[in-house]
Every structure is written in structure tokens, then in C-alpha cells.
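Shown below: structure03.pdb, with PDB, C-alpha atoms.
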```pdb
ATOM      1  CA  MET A   1      17.577   7.701   6.617
ATOM      2  CA  ARG A   2      15.115   4.786   6.784
ATOM      3  CA  LYS A   3      16.346   1.260   6.254
ATOM      4  CA  PHE A   4      14.994  -0.341   3.089
ATOM      5  CA  TYR A   5      15.106  -3.579   1.147
ATOM      6  CA  ILE A   6      15.833  -4.014  -2.556
ATOM      7  CA  GLY A   7      13.977  -6.392  -4.883
ATOM      8  CA  ASN A   8      11.629  -9.091  -3.665
ATOM      9  CA  VAL A   9      11.370 -10.026   0.006
ATOM     10  CA  THR A  10      12.890 -13.468   0.543
ATOM     11  CA  PRO A  11      12.327 -15.874   3.429
ATOM     12  CA  GLU A  12      14.895 -15.361   6.215
ATOM     13  CA  ALA A  13      14.832 -16.257   9.912
ATOM     14  CA  ASN A  14      14.113 -12.726  11.172
ATOM     15  CA  THR A  15      11.932 -11.553   8.271
ATOM     16  CA  ILE A  16       8.179 -11.078   8.521
ATOM     17  CA  PHE A  17       6.552 -10.600   5.095
ATOM     18  CA  VAL A  18       3.802  -7.958   5.422
ATOM     19  CA  PHE A  19       1.277  -8.344   2.621
ATOM     20  CA  GLY A  20      -2.025  -6.871   1.527
ATOM     21  CA  SER A  21      -4.797  -9.250   2.504
ATOM     22  CA  ASN A  22      -8.561  -9.525   2.570
ATOM     23  CA  PRO A  23     -10.709 -10.081   5.672
ATOM     24  CA  GLU A  24     -11.657 -13.493   4.306
ATOM     25  CA  GLY A  25      -8.048 -14.635   4.296
ATOM     26  CA  ARG A  26      -8.240 -15.962   0.736
ATOM     27  CA  HIS A  27      -4.541 -15.645  -0.075
ATOM     28  CA  GLY A  28      -4.843 -16.492  -3.751
ATOM     29  CA  ALA A  29      -3.173 -13.698  -5.743
ATOM     30  CA  GLY A  30      -0.284 -11.254  -5.690
ATOM     31  CA  ALA A  31       1.743 -10.883  -2.525
ATOM     32  CA  ALA A  32      -0.883 -12.831  -0.559
ATOM     33  CA  LYS A  33      -0.173 -15.920  -2.644
ATOM     34  CA  VAL A  34       3.578 -15.436  -2.073
ATOM     35  CA  ALA A  35       2.885 -15.092   1.664
ATOM     36  CA  ARG A  36       0.971 -18.377   1.702
ATOM     37  CA  ASN A  37       3.446 -20.289  -0.468
ATOM     38  CA  GLN A  38       6.733 -18.979   0.982
ATOM     39  CA  PHE A  39       6.104 -17.408   4.398
ATOM     40  CA  GLY A  40       3.460 -19.583   6.074
ATOM     41  CA  ALA A  41       0.393 -17.344   5.770
ATOM     42  CA  ILE A  42      -2.683 -19.290   6.843
ATOM     43  CA  TYR A  43      -5.567 -19.582   4.392
ATOM     44  CA  GLY A  44      -8.685 -18.204   6.095
ATOM     45  CA  GLN A  45      -6.821 -15.803   8.437
ATOM     46  CA  GLY A  46      -7.292 -12.279   7.086
ATOM     47  CA  GLU A  47      -5.304 -10.221   9.566
ATOM     48  CA  GLY A  48      -2.302 -10.469  11.806
ATOM     49  CA  LEU A  49       0.829 -12.512  12.336
ATOM     50  CA  GLN A  50       0.854 -16.009  10.841
ATOM     51  CA  GLY A  51       4.014 -18.000  10.247
ATOM     52  CA  ASN A  52       6.625 -15.528   8.972
ATOM     53  CA  ALA A  53       3.908 -13.380   7.415
ATOM     54  CA  TYR A  54       1.630 -10.581   8.548
ATOM     55  CA  ALA A  55      -1.731 -10.073   6.811
ATOM     56  CA  LEU A  56      -2.777  -6.426   6.455
ATOM     57  CA  PRO A  57      -6.390  -6.188   5.202
ATOM     58  CA  THR A  58      -6.593  -3.770   2.255
ATOM     59  CA  LYS A  59      -9.287  -5.295  -0.002
ATOM     60  CA  ASP A  60     -12.664  -6.869   0.776
ATOM     61  CA  LEU A  61     -13.432  -9.651  -1.717
ATOM     62  CA  ARG A  62     -17.114  -9.623  -0.760
ATOM     63  CA  VAL A  63     -17.504  -6.178  -2.355
ATOM     64  CA  LYS A  64     -18.226  -6.648  -6.067
ATOM     65  CA  GLU A  65     -18.790  -2.981  -6.963
ATOM     66  CA  ASN A  66     -15.837  -1.474  -8.881
ATOM     67  CA  ARG A  67     -14.128  -4.910  -8.852
ATOM     68  CA  GLY A  68     -13.591  -4.514  -5.112
ATOM     69  CA  LEU A  69     -11.103  -1.694  -5.619
ATOM     70  CA  ARG A  70     -10.858   0.605  -2.584
ATOM     71  CA  SER A  71     -13.356  -1.653  -0.812
ATOM     72  CA  ILE A  72     -11.692  -1.023   2.552
ATOM     73  CA  SER A  73     -11.552   2.628   3.568
ATOM     74  CA  LYS A  74      -8.313   4.473   4.218
ATOM     75  CA  GLU A  75      -9.432   4.942   7.819
ATOM     76  CA  ASP A  76      -9.857   1.187   8.331
ATOM     77  CA  ILE A  77      -6.513   0.439   6.665
ATOM     78  CA  ILE A  78      -4.840   2.980   8.974
ATOM     79  CA  LYS A  79      -6.405   1.206  11.991
ATOM     80  CA  SER A  80      -4.945  -2.073  10.726
ATOM     81  CA  ILE A  81      -1.538  -0.449  10.192
ATOM     82  CA  LYS A  82      -1.624   0.717  13.826
ATOM     83  CA  LYS A  83      -2.157  -2.937  14.863
ATOM     84  CA  LEU A  84       0.805  -3.902  12.669
ATOM     85  CA  TYR A  85       2.958  -1.279  14.401
ATOM     86  CA  GLU A  86       1.979  -2.685  17.816
ATOM     87  CA  THR A  87       2.904  -6.194  16.707
ATOM     88  CA  ALA A  88       6.226  -4.960  15.306
ATOM     89  CA  ARG A  89       7.008  -3.315  18.667
ATOM     90  CA  GLN A  90       6.266  -6.610  20.445
ATOM     91  CA  TYR A  91       8.639  -8.477  18.095
ATOM     92  CA  SER A  92      11.471  -5.952  17.915
ATOM     93  CA  ASP A  93      13.949  -8.710  16.974
ATOM     94  CA  LYS A  94      12.092  -9.236  13.650
ATOM     95  CA  GLN A  95      12.153  -7.127  10.484
ATOM     96  CA  PHE A  96       8.643  -6.483   9.160
ATOM     97  CA  LYS A  97       9.181  -5.960   5.431
ATOM     98  CA  ILE A  98       6.274  -4.216   3.737
ATOM     99  CA  ALA A  99       5.646  -6.015   0.422
ATOM    100  CA  TYR A 100       4.597  -2.924  -1.546
ATOM    101  CA  ARG A 101       6.952  -1.546  -4.191
ATOM    102  CA  ASN A 102       4.602   0.364  -6.499
ATOM    103  CA  THR A 103       4.526   4.147  -6.258
ATOM    104  CA  TYR A 104       2.273   5.767  -8.871
ATOM    105  CA  SER A 105       0.408   2.670 -10.043
ATOM    106  CA  ALA A 106      -2.426   1.064  -8.119
ATOM    107  CA  SER A 107      -2.170  -2.272  -6.315
ATOM    108  CA  LEU A 108      -4.823  -4.986  -6.423
ATOM    109  CA  ASN A 109      -6.566  -3.043  -3.642
ATOM    110  CA  GLY A 110      -7.051   0.030  -5.890
ATOM    111  CA  TYR A 111      -4.765   2.356  -3.925
ATOM    112  CA  THR A 112      -1.532   3.708  -5.367
ATOM    113  CA  GLY A 113       1.744   3.232  -3.571
ATOM    114  CA  LEU A 114       1.828   6.932  -2.692
ATOM    115  CA  GLU A 115      -1.622   6.666  -1.111
ATOM    116  CA  MET A 116      -0.498   3.606   0.862
ATOM    117  CA  ILE A 117       2.631   5.461   2.024
ATOM    118  CA  ASP A 118       0.371   8.243   3.320
ATOM    119  CA  MET A 119      -1.630   5.686   5.300
ATOM    120  CA  PHE A 120       1.530   4.248   6.878
ATOM    121  CA  LEU A 121       2.605   7.782   7.818
ATOM    122  CA  GLU A 122      -0.830   8.708   9.195
ATOM    123  CA  ALA A 123      -0.845   5.607  11.433
ATOM    124  CA  GLY A 124       1.666   7.228  13.787
ATOM    125  CA  PRO A 125       5.338   6.756  14.643
ATOM    126  CA  ILE A 126       6.801   3.991  12.500
ATOM    127  CA  PRO A 127       8.771   1.397  14.482
ATOM    128  CA  ASP A 128      12.400   1.024  13.399
ATOM    129  CA  ASN A 129      11.834  -2.626  12.458
ATOM    130  CA  ILE A 130       9.230  -1.750   9.824
ATOM    131  CA  ILE A 131      11.201  -1.927   6.575
ATOM    132  CA  PHE A 132       9.906  -0.451   3.323
ATOM    133  CA  SER A 133      11.043  -1.077  -0.259
ATOM    134  CA  LYS A 134      13.725   1.108  -1.807
ATOM    135  CA  GLU A 135      11.072   2.328  -4.262
ATOM    136  CA  TRP A 136       8.966   3.656  -1.401
ATOM    137  CA  VAL A 137      11.888   5.167   0.516
ATOM    138  CA  ASP A 138      13.096   6.844  -2.688
ATOM    139  CA  THR A 139       9.832   8.835  -2.894
ATOM    140  CA  GLY A 140      11.266  10.970  -0.083
ATOM    141  CA  LYS A 141       7.941  10.975   1.775
ATOM    142  CA  PHE A 142       9.419   9.233   4.829
ATOM    143  CA  ASN A 143      11.880  12.107   5.278
ATOM    144  CA  LEU A 144       9.262  14.888   5.204
ATOM    145  CA  SER A 145       7.877  16.671   8.241
ATOM    146  CA  LYS A 146       4.115  16.599   8.822
ATOM    147  CA  GLU A 147       3.845  20.138   7.400
ATOM    148  CA  GLU A 148       5.866  19.193   4.316
ATOM    149  CA  LEU A 149       3.663  16.147   3.755
ATOM    150  CA  GLU A 150       0.555  18.327   3.867
ATOM    151  CA  ASP A 151       2.167  20.599   1.261
ATOM    152  CA  PHE A 152       3.100  17.667  -1.027
ATOM    153  CA  SER A 153       2.720  19.499  -4.299
ATOM    154  CA  TYR A 154       0.294  18.839  -7.089
ATOM    155  CA  THR A 155       3.114  18.616  -9.634
ATOM    156  CA  GLU A 156       5.258  16.160  -7.669
ATOM    157  CA  GLY A 157       2.514  14.166  -5.995
ATOM    158  CA  TYR A 158      -0.815  14.154  -7.735
ATOM    159  CA  LEU A 159      -0.106  14.968 -11.375
ATOM    160  CA  PRO A 160       1.900  11.740 -11.851
ATOM    161  CA  LEU A 161      -0.948   9.788 -10.221
ATOM    162  CA  TRP A 162      -3.468  11.207 -12.681
ATOM    163  CA  GLN A 163      -1.091  10.627 -15.594
ATOM    164  CA  GLU A 164      -0.691   6.979 -14.580
ATOM    165  CA  TRP A 165      -4.469   6.604 -14.183
ATOM    166  CA  ALA A 166      -4.983   8.127 -17.639
ATOM    167  CA  ARG A 167      -2.418   5.721 -19.119
ATOM    168  CA  GLN A 168      -4.233   2.764 -17.532
ATOM    169  CA  ASN A 169      -7.715   3.975 -18.582
ATOM    170  CA  PRO A 170      -7.532   5.164 -22.216
ATOM    171  CA  GLU A 171     -11.208   4.340 -22.851
ATOM    172  CA  LEU A 172     -12.327   6.653 -20.036
ATOM    173  CA  ILE A 173     -10.003   9.412 -21.253
ATOM    174  CA  GLU A 174     -11.506   9.096 -24.743
ATOM    175  CA  GLU A 175     -15.022   9.234 -23.277
ATOM    176  CA  LEU A 176     -14.073  12.359 -21.308
ATOM    177  CA  ARG A 177     -12.514  13.925 -24.424
ATOM    178  CA  ILE A 178     -15.757  13.361 -26.377
ATOM    179  CA  LYS A 179     -18.046  14.641 -23.596
ATOM    180  CA  ALA A 180     -15.832  17.675 -22.944
ATOM    181  CA  ALA A 181     -15.478  18.711 -26.592
ATOM    182  CA  GLY A 182     -16.047  22.459 -26.846
ATOM    183  CA  LYS A 183     -16.441  22.882 -23.085
ATOM    184  CA  THR A 184     -14.140  24.446 -20.517
ATOM    185  CA  LEU A 185     -13.255  22.048 -17.709
ATOM    186  CA  THR A 186     -12.225  23.451 -14.347
TER     187      THR A 186
END
```
Please re-express this file's structure in C-alpha cells.
Amino acid sequence: MRKFYIGNVTPEANTIFVFGSNPEGRHGAGAAKVARNQFGAIYGQGEGLQGNAYALPTKDLRVKENRGLRSISKEDIIKSIKKLYETARQYSDKQFKIAYRNTYSASLNGYTGLEMIDMFLEAGPIPDNIIFSKEWVDTGKFNLSKEELEDFSYTEGYLPLWQEWARQNPELIEELRIKAAGKTLT
């Protein structure tokens, strides 16, 4: 069973706060602001270890299309996670606590927690000192084999994502309902 933390990450001597960042290093909202105010993240540094924080680029503020959501590809985020894993291996005496707790809802970067979990899993073997939230560990995804992850079912995995998206986007659901009236959608 993976180690996990409960609640918010708090400053402690051996804790590194891993937060979603932007390449510009403008740590002005969400966990990035917490990282700057409580863990020593450096304004202007978009990636890597800084103070008791680690910036993981997940959103590019220069991209204005779609409010910058999903502005960094999954492939690029996975590359950055691999760098995080290397850093964690170099500092094995530290606990790198991943500041994501959402599962079905999207973060400021536009990815859901489940999608982010997949990226952490795809980045390779997870060092023992990478610590995820209880919410993430409770999804069960960290205990699945590679084959089981590939078979993550529609009902358990993707249906709740779409339901959450629909809840957050009622105007788009209404537009779809109007456009689809009398048609069969497949």
C-alpha cells in the first residue's frame, strides 16, 4: 500500500511541496501561490526544486486559447514528472508530497485528477518518497497492474469524468440537447 497524506500539505523539515506550475514561474494562484507563500517557491522559476517546493509545469499562461486549459501536453507533463522522480531519488531523505487532491474534477490546468494520476503512472517507477493525497490513493489506480490500468472501465473511470464535466458545463449540455433533438447520437 502506498503512503499518503491527509488534508493540506503543511511545511515540515523533510517535506517538499510539489505543485502545478507554469513555465513562466508566475506562482499567483492555487497551489502555486501556497508554494510561494509557505514553501519558498521562487517567482519566475517555472520548474524544479526551489526552497521546500518543487514546480511541476502543467499549464502555459502564454496560451490564451481555451483559457490555457490543457496548454501543456500530457507527453510534456510526463517528461516533467520523470525529472521530478529523478530529483526525488537524489533527495531520498525528503518526502515529495504531490499537492493534487482532486479526482474527477479538473484542476486549473484543465486535467482531471484521474488524468494526472495516469501521467504519474506513465512516467515510470514511482520513488517511495513520492507521497500522494489520500484522495488519489483511494482511487485504487496505484495498486493496479499495467494491464488492469489499460482495462480501467468506462463505468468506473470515464463515466464519472463525463458526468462531472456535464455538471460543470450545463450551458454546453443544453446546447447539445437542442442540436441533438430527434437525432441518434453514437
Counting only C-alpha atoms, the residue of A:Ile131, A:Ile78, A:Leu84, A:Ala106 that sits nearest Asp118 in chain A: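 Ranked by minimum distance to Asp118 in chain A, first place goes to A:Ile78.
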Under the rule that only C-alpha atoms are counted, which of A:Gly25, A:Arg2, A:Glu174, A:Gly182 is the nearest residue to Val137 in chain A? A:Arg2
Using only C-alpha atoms, give me every residue within 8 Å of (13.2, -5.5, -4.0) in file coordinates, as a PyMOL selection string. chain A and resi 5-9+101+133-134
Selection dump of the PyMOL selection byres ((chain A and resi 99) around 12), as a PyMOL selection string: chain A and resi 4-10+15-21+30-35+53-56+96-98+100-102+107+113+116-117+130-136
Translate the PyMOL selection byres ((chain A and resi 80) around 9), as applied to the file shown, into an explicit residue set as a list of chain:residue names. A:Glu47, A:Gly48, A:Leu56, A:Pro57, A:Thr58, A:Glu75, A:Asp76, A:Ile77, A:Ile78, A:Lys79, A:Ile81, A:Lys82, A:Lys83, A:Leu84, A:Tyr85, A:Ala123
Shortest contact to Ser92 in chain A, candidates A:Leu121, A:Asn14, A:Gln163, A:Phe39, atoms counted all atoms listed in the file, goes to A:Asn14
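Among the candidates A:Gly51, A:Arg89, A:Asn66, A:Leu114, the one nearest to Asn37 in chain A when counting all atoms listed in the file is A:Gly51.
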Give me, please, the distance in Å between CA of Ala29 in chain A and CA of Arg167 in chain A, quoted to one decimal.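 According to the coordinates, CA of Ala29 in chain A and CA of Arg167 in chain A are separated by 23.6 Å.
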Answer key for the PyMOL selection byres ((chain A and resi 60) around 6), residues as a ChimeraX atom specification: /A:22,59,61-63,71
Emit as lines of an AutoDock Vina configuration file the padded axis-aligned box for all listed atoms of range 107-117 of chain A, 4 Å per side, with centre and edge lengths in Å to one decimal.
```
center_x = -2.2
center_y = 1.0
center_z = -2.2
size_x = 17.7
size_y = 19.9
size_z = 16.4
```
Just how far from CA of Tyr104 in chain A is CA of Asp138 in chain A, in Å to one decimal?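 Between CA of Asp138 in chain A and CA of Tyr104 in chain A the gap works out to 12.5 Å.
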Atom pair CA of Tyr91 in chain A / CA of Ala13 in chain A: separation (Å): 12.9 Å
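Compared by their closest atoms to Ala166 in chain A, and using all atoms listed in the file, the residues A:Arg36, A:Tyr111, A:Ser105, A:His27 rank with A:Ser105 nearest.
Closest to Trp165 in chain A among A:Arg26, A:Gly110, A:Ala41, A:Glu122 is A:Gly110, based on only C-alpha atoms.
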Give me range 111-126 of chain A with N, CA and C atoms filled in, as an mmCIF file, keeping the file's coordinate frame.
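To be explicit, this is the file written out as result_10.cif:
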```cif
data_model
loop_
_atom_site.group_PDB
_atom_site.id
_atom_site.type_symbol
_atom_site.label_atom_id
_atom_site.label_comp_id
_atom_site.auth_asym_id
_atom_site.auth_seq_id
_atom_site.Cartn_x
_atom_site.Cartn_y
_atom_site.Cartn_z
ATOM 1 N N TYR A 111 -5.510 1.201 -4.410
ATOM 2 C CA TYR A 111 -4.765 2.356 -3.925
ATOM 3 C C TYR A 111 -3.373 2.383 -4.564
ATOM 4 N N THR A 112 -2.893 3.584 -4.848
ATOM 5 C CA THR A 112 -1.532 3.708 -5.367
ATOM 6 C C THR A 112 -0.539 3.546 -4.220
ATOM 7 N N GLY A 113 0.702 3.318 -4.580
ATOM 8 C CA GLY A 113 1.744 3.232 -3.571
ATOM 9 C C GLY A 113 1.847 4.508 -2.751
ATOM 10 N N LEU A 114 1.739 5.659 -3.421
ATOM 11 C CA LEU A 114 1.828 6.932 -2.692
ATOM 12 C C LEU A 114 0.688 7.070 -1.689
ATOM 13 N N GLU A 115 -0.499 6.616 -2.054
ATOM 14 C CA GLU A 115 -1.622 6.666 -1.111
ATOM 15 C C GLU A 115 -1.372 5.723 0.070
ATOM 16 N N MET A 116 -0.804 4.550 -0.213
ATOM 17 C CA MET A 116 -0.498 3.606 0.862
ATOM 18 C C MET A 116 0.586 4.184 1.781
ATOM 19 N N ILE A 117 1.595 4.819 1.207
ATOM 20 C CA ILE A 117 2.631 5.461 2.024
ATOM 21 C C ILE A 117 1.988 6.456 2.978
ATOM 22 N N ASP A 118 1.067 7.269 2.465
ATOM 23 C CA ASP A 118 0.371 8.243 3.320
ATOM 24 C C ASP A 118 -0.326 7.556 4.482
ATOM 25 N N MET A 119 -0.938 6.407 4.230
ATOM 26 C CA MET A 119 -1.630 5.686 5.300
ATOM 27 C C MET A 119 -0.638 5.196 6.358
ATOM 28 N N PHE A 120 0.513 4.684 5.917
ATOM 29 C CA PHE A 120 1.530 4.248 6.878
ATOM 30 C C PHE A 120 2.020 5.435 7.711
ATOM 31 N N LEU A 121 2.152 6.586 7.099
ATOM 32 C CA LEU A 121 2.605 7.782 7.818
ATOM 33 C C LEU A 121 1.535 8.290 8.775
ATOM 34 N N GLU A 122 0.265 8.226 8.354
ATOM 35 C CA GLU A 122 -0.830 8.708 9.195
ATOM 36 C C GLU A 122 -1.085 7.800 10.395
ATOM 37 N N ALA A 123 -0.599 6.564 10.348
ATOM 38 C CA ALA A 123 -0.845 5.607 11.433
ATOM 39 C C ALA A 123 -0.017 5.897 12.677
ATOM 40 N N GLY A 124 0.881 6.868 12.613
ATOM 41 C CA GLY A 124 1.666 7.228 13.787
ATOM 42 C C GLY A 124 3.128 6.891 13.622
ATOM 43 N N PRO A 125 3.894 7.023 14.714
ATOM 44 C CA PRO A 125 5.338 6.756 14.643
ATOM 45 C C PRO A 125 5.620 5.344 14.118
ATOM 46 N N ILE A 126 6.482 5.272 13.139
ATOM 47 C CA ILE A 126 6.801 3.991 12.500
ATOM 48 C C ILE A 126 7.932 3.316 13.272
#
```
